[in-house]
file start06.pdb (PDB, C-alpha atoms)
ATOM      1  CA  MET C   1     164.441  64.198 110.613
ATOM      2  CA  SER C   2     166.111  65.340 107.407
ATOM      3  CA  GLU C   3     164.674  68.112 105.266
ATOM      4  CA  LEU C   4     164.053  65.654 102.418
ATOM      5  CA  ASN C   5     161.967  63.443 104.726
ATOM      6  CA  LYS C   6     159.890  66.461 105.818
ATOM      7  CA  VAL C   7     159.253  67.429 102.196
ATOM      8  CA  LEU C   8     158.419  63.798 101.297
ATOM      9  CA  LEU C   9     155.805  63.627 104.077
ATOM     10  CA  ALA C  10     154.203  66.897 102.985
ATOM     11  CA  PHE C  11     154.314  65.732  99.343
ATOM     12  CA  SER C  12     152.622  62.428 100.245
ATOM     13  CA  ASP C  13     149.894  64.214 102.214
ATOM     14  CA  ASP C  14     149.236  66.553  99.295
ATOM     15  CA  ILE C  15     149.064  63.667  96.795
ATOM     16  CA  VAL C  16     146.423  61.872  98.868
ATOM     17  CA  LYS C  17     144.413  65.093  99.302
ATOM     18  CA  SER C  18     144.622  65.789  95.576
ATOM     19  CA  ALA C  19     143.653  62.196  94.691
ATOM     20  CA  LYS C  20     140.582  62.528  96.911
ATOM     21  CA  ARG C  21     139.652  65.724  95.064
ATOM     22  CA  HIS C  22     140.174  64.071  91.652
ATOM     23  CA  LEU C  23     138.099  61.070  92.695
ATOM     24  CA  GLY C  24     134.574  62.306  92.274
ATOM     25  CA  GLY C  25     135.667  65.754  91.229
ATOM     26  CA  ARG C  26     134.176  65.328  87.770
ATOM     27  CA  LYS C  27     130.748  66.855  87.407
ATOM     28  CA  ILE C  28     128.228  65.803  84.774
ATOM     29  CA  GLY C  29     124.928  67.687  84.758
ATOM     30  CA  LYS C  30     123.423  67.630  88.245
ATOM     31  CA  ASN C  31     125.608  64.695  89.277
ATOM     32  CA  LYS C  32     128.219  66.491  91.385
ATOM     33  CA  ASN C  33     130.044  63.307  92.361
ATOM     34  CA  TYR C  34     130.494  61.475  89.070
ATOM     35  CA  GLY C  35     132.256  58.195  89.696
ATOM     36  CA  VAL C  36     131.396  58.083  93.418
ATOM     37  CA  ALA C  37     128.578  55.927  94.761
ATOM     38  CA  SER C  38     129.283  55.558  98.480
ATOM     39  CA  GLY C  39     132.444  57.631  99.035
ATOM     40  CA  GLN C  40     134.117  54.587 100.608
ATOM     41  CA  LEU C  41     137.055  54.628  98.171
ATOM     42  CA  ARG C  42     137.682  58.326  98.653
ATOM     43  CA  GLN C  43     137.765  57.908 102.447
ATOM     44  CA  SER C  44     140.116  54.936 102.239
ATOM     45  CA  LEU C  45     142.875  56.568 100.163
ATOM     46  CA  SER C  46     146.151  56.685 102.071
ATOM     47  CA  TYR C  47     149.879  56.070 101.880
ATOM     48  CA  LYS C  48     152.389  53.848 103.672
ATOM     49  CA  ILE C  49     155.952  54.800 104.478
ATOM     50  CA  ARG C  50     158.810  52.312 104.675
ATOM     51  CA  VAL C  51     161.599  53.633 106.870
ATOM     52  CA  ARG C  52     165.140  52.384 107.472
ATOM     53  CA  GLY C  53     166.946  54.175 110.268
ATOM     54  CA  ASN C  54     166.005  57.834 109.952
ATOM     55  CA  ASP C  55     165.491  57.767 106.184
ATOM     56  CA  ILE C  56     162.287  57.212 104.250
ATOM     57  CA  ARG C  57     162.979  54.386 101.787
ATOM     58  CA  GLU C  58     159.621  54.134 100.036
ATOM     59  CA  VAL C  59     156.191  55.754  99.933
ATOM     60  CA  THR C  60     153.356  53.565  98.634
ATOM     61  CA  PHE C  61     149.962  55.022  97.734
ATOM     62  CA  GLY C  62     146.801  52.937  97.814
ATOM     63  CA  ALA C  63     143.490  52.274  99.519
ATOM     64  CA  LYS C  64     142.650  50.565 102.806
ATOM     65  CA  GLY C  65     139.915  48.132 103.806
ATOM     66  CA  LYS C  66     137.191  46.887 101.458
ATOM     67  CA  ALA C  67     137.967  49.606  98.913
ATOM     68  CA  ALA C  68     141.444  48.150  98.331
ATOM     69  CA  LYS C  69     139.809  45.287  96.412
ATOM     70  CA  TYR C  70     138.172  47.494  93.787
ATOM     71  CA  ALA C  71     140.419  50.583  93.795
ATOM     72  CA  PRO C  72     142.612  49.322  90.893
ATOM     73  CA  PHE C  73     139.523  48.829  88.705
ATOM     74  CA  ILE C  74     138.337  52.393  89.378
ATOM     75  CA  HIS C  75     141.840  53.809  88.860
ATOM     76  CA  PHE C  76     142.819  51.925  85.680
ATOM     77  CA  GLY C  77     139.328  51.126  84.356
ATOM     78  CA  VAL C  78     138.298  47.858  82.726
ATOM     79  CA  ASN C  79     138.389  46.935  79.028
ATOM     80  CA  GLY C  80     135.054  45.880  77.574
ATOM     81  CA  THR C  81     134.509  43.089  75.098
ATOM     82  CA  GLN C  82     134.011  45.645  72.294
ATOM     83  CA  LYS C  83     136.002  48.646  73.542
ATOM     84  CA  ASP C  84     139.643  48.840  74.664
ATOM     85  CA  ARG C  85     140.221  51.214  77.603
ATOM     86  CA  LYS C  86     144.019  50.670  77.761
ATOM     87  CA  SER C  87     143.568  48.861  81.066
ATOM     88  CA  PRO C  88     145.301  45.770  82.462
ATOM     89  CA  PHE C  89     141.836  44.390  83.344
ATOM     90  CA  THR C  90     139.260  42.938  80.911
ATOM     91  CA  TYR C  91     135.720  41.670  81.350
ATOM     92  CA  ARG C  92     135.314  38.005  80.484
ATOM     93  CA  LYS C  93     131.834  37.634  81.911
ATOM     94  CA  GLN C  94     129.060  40.129  82.447
ATOM     95  CA  PRO C  95     129.128  41.792  85.887
ATOM     96  CA  PRO C  96     126.272  40.718  88.192
ATOM     97  CA  SER C  97     123.071  42.748  87.824
ATOM     98  CA  SER C  98     122.576  42.770  91.599
ATOM     99  CA  VAL C  99     125.461  45.237  91.953
ATOM    100  CA  PHE C 100     123.722  47.661  89.605
ATOM    101  CA  VAL C 101     120.351  47.228  91.378
ATOM    102  CA  LYS C 102     122.035  48.435  94.574
ATOM    103  CA  TRP C 103     123.783  51.242  92.652
ATOM    104  CA  ILE C 104     120.535  52.452  91.013
ATOM    105  CA  LYS C 105     118.856  52.647  94.416
ATOM    106  CA  GLN C 106     121.858  54.273  96.098
ATOM    107  CA  LYS C 107     122.234  56.976  93.447
ATOM    108  CA  GLY C 108     118.473  57.561  93.182
ATOM    109  CA  ILE C 109     118.436  57.089  89.412
ATOM    110  CA  LYS C 110     115.011  57.679  87.867
ATOM    111  CA  LEU C 111     114.117  55.171  85.165
ATOM    112  CA  ARG C 112     112.682  56.230  81.803
ATOM    113  CA  ASP C 113     110.867  54.466  78.980
ATOM    114  CA  GLU C 114     111.763  54.464  75.263
ATOM    115  CA  LYS C 115     110.156  57.910  74.775
ATOM    116  CA  GLY C 116     112.060  59.467  77.655
ATOM    117  CA  ARG C 117     109.133  59.575  80.086
ATOM    118  CA  PHE C 118     109.703  58.575  83.687
ATOM    119  CA  LYS C 119     108.799  54.976  84.560
ATOM    120  CA  LYS C 120     107.523  53.521  87.783
ATOM    121  CA  GLN C 121     110.376  52.478  90.118
ATOM    122  CA  SER C 122     109.124  48.895  90.465
ATOM    123  CA  GLU C 123     111.493  46.085  91.402
ATOM    124  CA  SER C 124     111.116  44.441  87.975
ATOM    125  CA  ASN C 125     111.866  47.733  86.164
ATOM    126  CA  ILE C 126     114.953  48.289  88.324
ATOM    127  CA  LYS C 127     116.178  44.721  87.684
ATOM    128  CA  SER C 128     115.611  45.170  83.941
ATOM    129  CA  ALA C 129     117.562  48.448  83.903
ATOM    130  CA  ALA C 130     120.321  46.858  85.988
ATOM    131  CA  PHE C 131     120.657  44.000  83.490
ATOM    132  CA  LEU C 132     120.903  46.461  80.586
ATOM    133  CA  ILE C 133     123.531  48.528  82.425
ATOM    134  CA  ALA C 134     125.544  45.385  83.250
ATOM    135  CA  ARG C 135     125.457  44.297  79.598
ATOM    136  CA  SER C 136     126.572  47.760  78.479
ATOM    137  CA  VAL C 137     129.429  47.780  81.010
ATOM    138  CA  LYS C 138     130.562  44.356  79.770
ATOM    139  CA  LYS C 139     130.635  45.588  76.160
ATOM    140  CA  ARG C 140     132.025  49.101  76.704
ATOM    141  CA  GLY C 141     134.070  48.603  79.860
ATOM    142  CA  ILE C 142     134.705  51.222  82.510
ATOM    143  CA  VAL C 143     136.744  54.381  81.950
ATOM    144  CA  GLY C 144     139.596  54.642  84.447
ATOM    145  CA  LEU C 145     139.594  57.768  86.599
ATOM    146  CA  ARG C 146     143.421  57.693  87.087
ATOM    147  CA  PHE C 147     143.022  59.675  90.313
ATOM    148  CA  TYR C 148     146.536  58.969  91.670
ATOM    149  CA  GLU C 149     148.222  59.744  88.328
ATOM    150  CA  LYS C 150     146.374  63.060  88.044
ATOM    151  CA  ALA C 151     147.188  63.894  91.655
ATOM    152  CA  TYR C 152     150.893  63.142  91.128
ATOM    153  CA  ALA C 153     150.995  65.307  87.985
ATOM    154  CA  ALA C 154     149.290  68.209  89.779
ATOM    155  CA  VAL C 155     151.319  68.060  93.000
ATOM    156  CA  SER C 156     154.782  67.195  91.623
ATOM    157  CA  LYS C 157     155.079  70.514  89.773
ATOM    158  CA  ARG C 158     154.686  72.436  93.045
ATOM    159  CA  TYR C 159     157.290  70.314  94.842
ATOM    160  CA  GLU C 160     160.177  70.290  92.328
ATOM    161  CA  ALA C 161     161.923  73.295  93.887
ATOM    162  CA  LYS C 162     161.154  72.108  97.442
ATOM    163  CA  PHE C 163     162.763  68.707  96.763
ATOM    164  CA  GLY C 164     165.851  70.363  95.273
ATOM    165  CA  ALA C 165     166.257  72.739  98.205
ATOM    166  CA  ALA C 166     165.762  69.910 100.723
ATOM    167  CA  VAL C 167     168.385  67.693  99.079
ATOM    168  CA  ALA C 168     170.812  70.607  98.887
ATOM    169  CA  GLU C 169     170.271  71.390 102.574
ATOM    170  CA  ASP C 170     170.752  67.752 103.592
ATOM    171  CA  ILE C 171     173.968  67.498 101.555
ATOM    172  CA  ALA C 172     175.269  70.791 102.945
ATOM    173  CA  GLY C 173     174.677  69.427 106.470
ATOM    174  CA  LYS C 174     176.919  66.421 105.724
ATOM    175  CA  LEU C 175     179.880  68.384 104.339
ATOM    176  CA  LYS C 176     182.863  69.273 106.463
ATOM    177  CA  ALA C 177     186.304  70.629 105.731
ATOM    178  CA  THR C 178     189.431  69.964 107.737
ATOM    179  CA  LEU C 179     192.363  72.325 107.443
ATOM    180  CA  GLY C 180     195.175  71.309 109.734
ATOM    181  CA  ASN C 181     193.568  70.894 113.146
ATOM    182  CA  ILE C 182     190.578  73.145 112.343
ATOM    183  CA  THR C 183     187.346  71.466 111.242
ATOM    184  CA  ILE C 184     184.625  73.466 109.478
ATOM    185  CA  LYS C 185     181.254  71.755 109.597
ATOM    186  CA  ASN C 186     178.027  73.127 108.214
TER     187      ASN C 186
END

call {"tool": "encode", "arguments": {"input": "start06.pdb", "output": "structure tokens"}}
result
Amino acid sequence: MSELNKVLLAFSDDIVKSAKRHLGGRKIGKNKNYGVASGQLRQSLSYKIRVRGNDIREVTFGAKGKAAKYAPFIHFGVNGTQKDRKSPFTYRKQPPSSVFVKWIKQKGIKLRDEKGRFKKQSESNIKSAAFLIARSVKKRGIVGLRFYEKAYAAVSKRYEAKFGAAVAEDIAGKLKATLGNITIKN
């Protein structure tokens, strides 16, 4: 295996590890895992390598399984009807409230009334809050977390010199000089 391939594999591993850290690494108040409900997306982050002969031709980063369906929406975000999030995706209809009912229960969100006092966690109160959240998401959209872009920016700085040294070593291994009947090969 060439030195460049070894560095590419290490680089790819580090990008996935960094993306996992960036995904849910934001902390708001007591919510240590902002942007993470189940952790399914974080666990599914991976990369694929396309190889031809002994050379790596392409490294593709993404998500596996069920998370692959919604990973682009978390990464790029979604434009709302009233707010542009610079995303390729836009809400046309309001997201289903049932998704937010499940999310409220999963995250253990405590409901409050207009004065800020805690409300009873009844099914009708949860459904009402879920509808209001869904309407707000439709209007405002979802901010993209850009976890792979942030990971690439963080990791690529550390690997610039390693890539250069690996390419130089691979090229040096392919050079040879022939002087008369003497061959000098690196």

call {"tool": "atom_distance", "arguments": {"input": "start06.pdb", "atom1": "CA of Tyr159 in chain C", "atom2": "CA of Val7 in chain C"}}
result
8.1 Å

call {"tool": "residues_around", "arguments": {"input": "start06.pdb", "residues": "Asp170 in chain C", "least_positions_apart": "4", "cutoff": "12 Å", "atoms": "all atoms listed in the file", "output": "number ranges by chain"}}
result
C: 1-7, 55, 163-166, 174-175, 186

call {"tool": "resolve_selection", "arguments": {"input": "start06.pdb", "expression": "the PyMOL selection byres ((chain C and resi 123) around 12)", "output": "list in words"}}
result
Ser98, Val101, Lys102, Ile104, Lys105, Leu111, Lys119, Lys120, Gln121, Ser122, Ser124, Asn125, Ile126, Lys127, Ser128, Ala129 and Ala130 of chain C

call {"tool": "atom_distance", "arguments": {"input": "start06.pdb", "atom1": "CA of Arg112 in chain C", "atom2": "CA of Leu23 in chain C"}}
result
28.1 Å

call {"tool": "closest_atom_pairs", "arguments": {"input": "start06.pdb", "of": "range 61-132 of chain C", "to": "range 142-147 of chain C", "cutoff": "6 Å", "atoms": "all atoms listed in the file", "output": "Markdown table"}}
result
| residue | atom | partner | partner_atom | distance |
| --- | --- | --- | --- | --- |
| C:Ile74 | CA | C:Gly144 | CA | 5.6 |
| C:His75 | CA | C:Arg146 | CA | 4.6 |
| C:Phe76 | CA | C:Gly144 | CA | 4.4 |
| C:Gly77 | CA | C:Gly144 | CA | 3.5 |
| C:Val78 | CA | C:Ile142 | CA | 4.9 |

call {"tool": "write_last_selection", "arguments": {"input": "start06.pdb", "atoms": "C-alpha atoms", "output": "PDB file, keeping the file's coordinate frame"}}
result
ATOM      1  CA  ILE C  74     138.337  52.393  89.378  1.00  0.00           C
ATOM      2  CA  HIS C  75     141.840  53.809  88.860  1.00  0.00           C
ATOM      3  CA  PHE C  76     142.819  51.925  85.680  1.00  0.00           C
ATOM      4  CA  GLY C  77     139.328  51.126  84.356  1.00  0.00           C
ATOM      5  CA  VAL C  78     138.298  47.858  82.726  1.00  0.00           C
TER       6      VAL C  78
END

call {"tool": "resolve_selection", "arguments": {"input": "start06.pdb", "expression": "the PyMOL selection byres ((chain C and resi 42) around 12)", "output": "ChimeraX atom specification"}}
result
/C:16-25,33,35-41,43-46,62-68,70-71,74-75,147-148

call {"tool": "closest_residue", "arguments": {"input": "start06.pdb", "among": "C:Ile15, C:Val51, C:Ser87, C:Gln94", "to": "Glu149 in chain C", "atoms": "all atoms listed in the file"}}
result
C:Ile15

call {"tool": "closest_residue", "arguments": {"input": "start06.pdb", "among": "C:Gln106, C:Ser136, C:Thr60, C:Asn54", "to": "Gly80 in chain C", "atoms": "only C-alpha atoms"}}
result
C:Ser136

call {"tool": "atom_distance", "arguments": {"input": "start06.pdb", "atom1": "CA of Val137 in chain C", "atom2": "CA of Ala151 in chain C"}}
result
26.2 Å

call {"tool": "closest_residue", "arguments": {"input": "start06.pdb", "among": "C:Ile182, C:Ala172, C:Ile109, C:Leu9", "to": "Arg57 in chain C", "atoms": "only C-alpha atoms"}}
result
C:Leu9

call {"tool": "closest_residue", "arguments": {"input": "start06.pdb", "among": "C:Asn181, C:Thr81, C:Ser12, C:Ser156", "to": "Gly141 in chain C", "atoms": "only C-alpha atoms"}}
result
C:Thr81

call {"tool": "closest_residue", "arguments": {"input": "start06.pdb", "among": "C:Ile171, C:Lys115, C:Asp13, C:Arg92", "to": "Lys139 in chain C", "atoms": "only C-alpha atoms"}}
result
C:Arg92
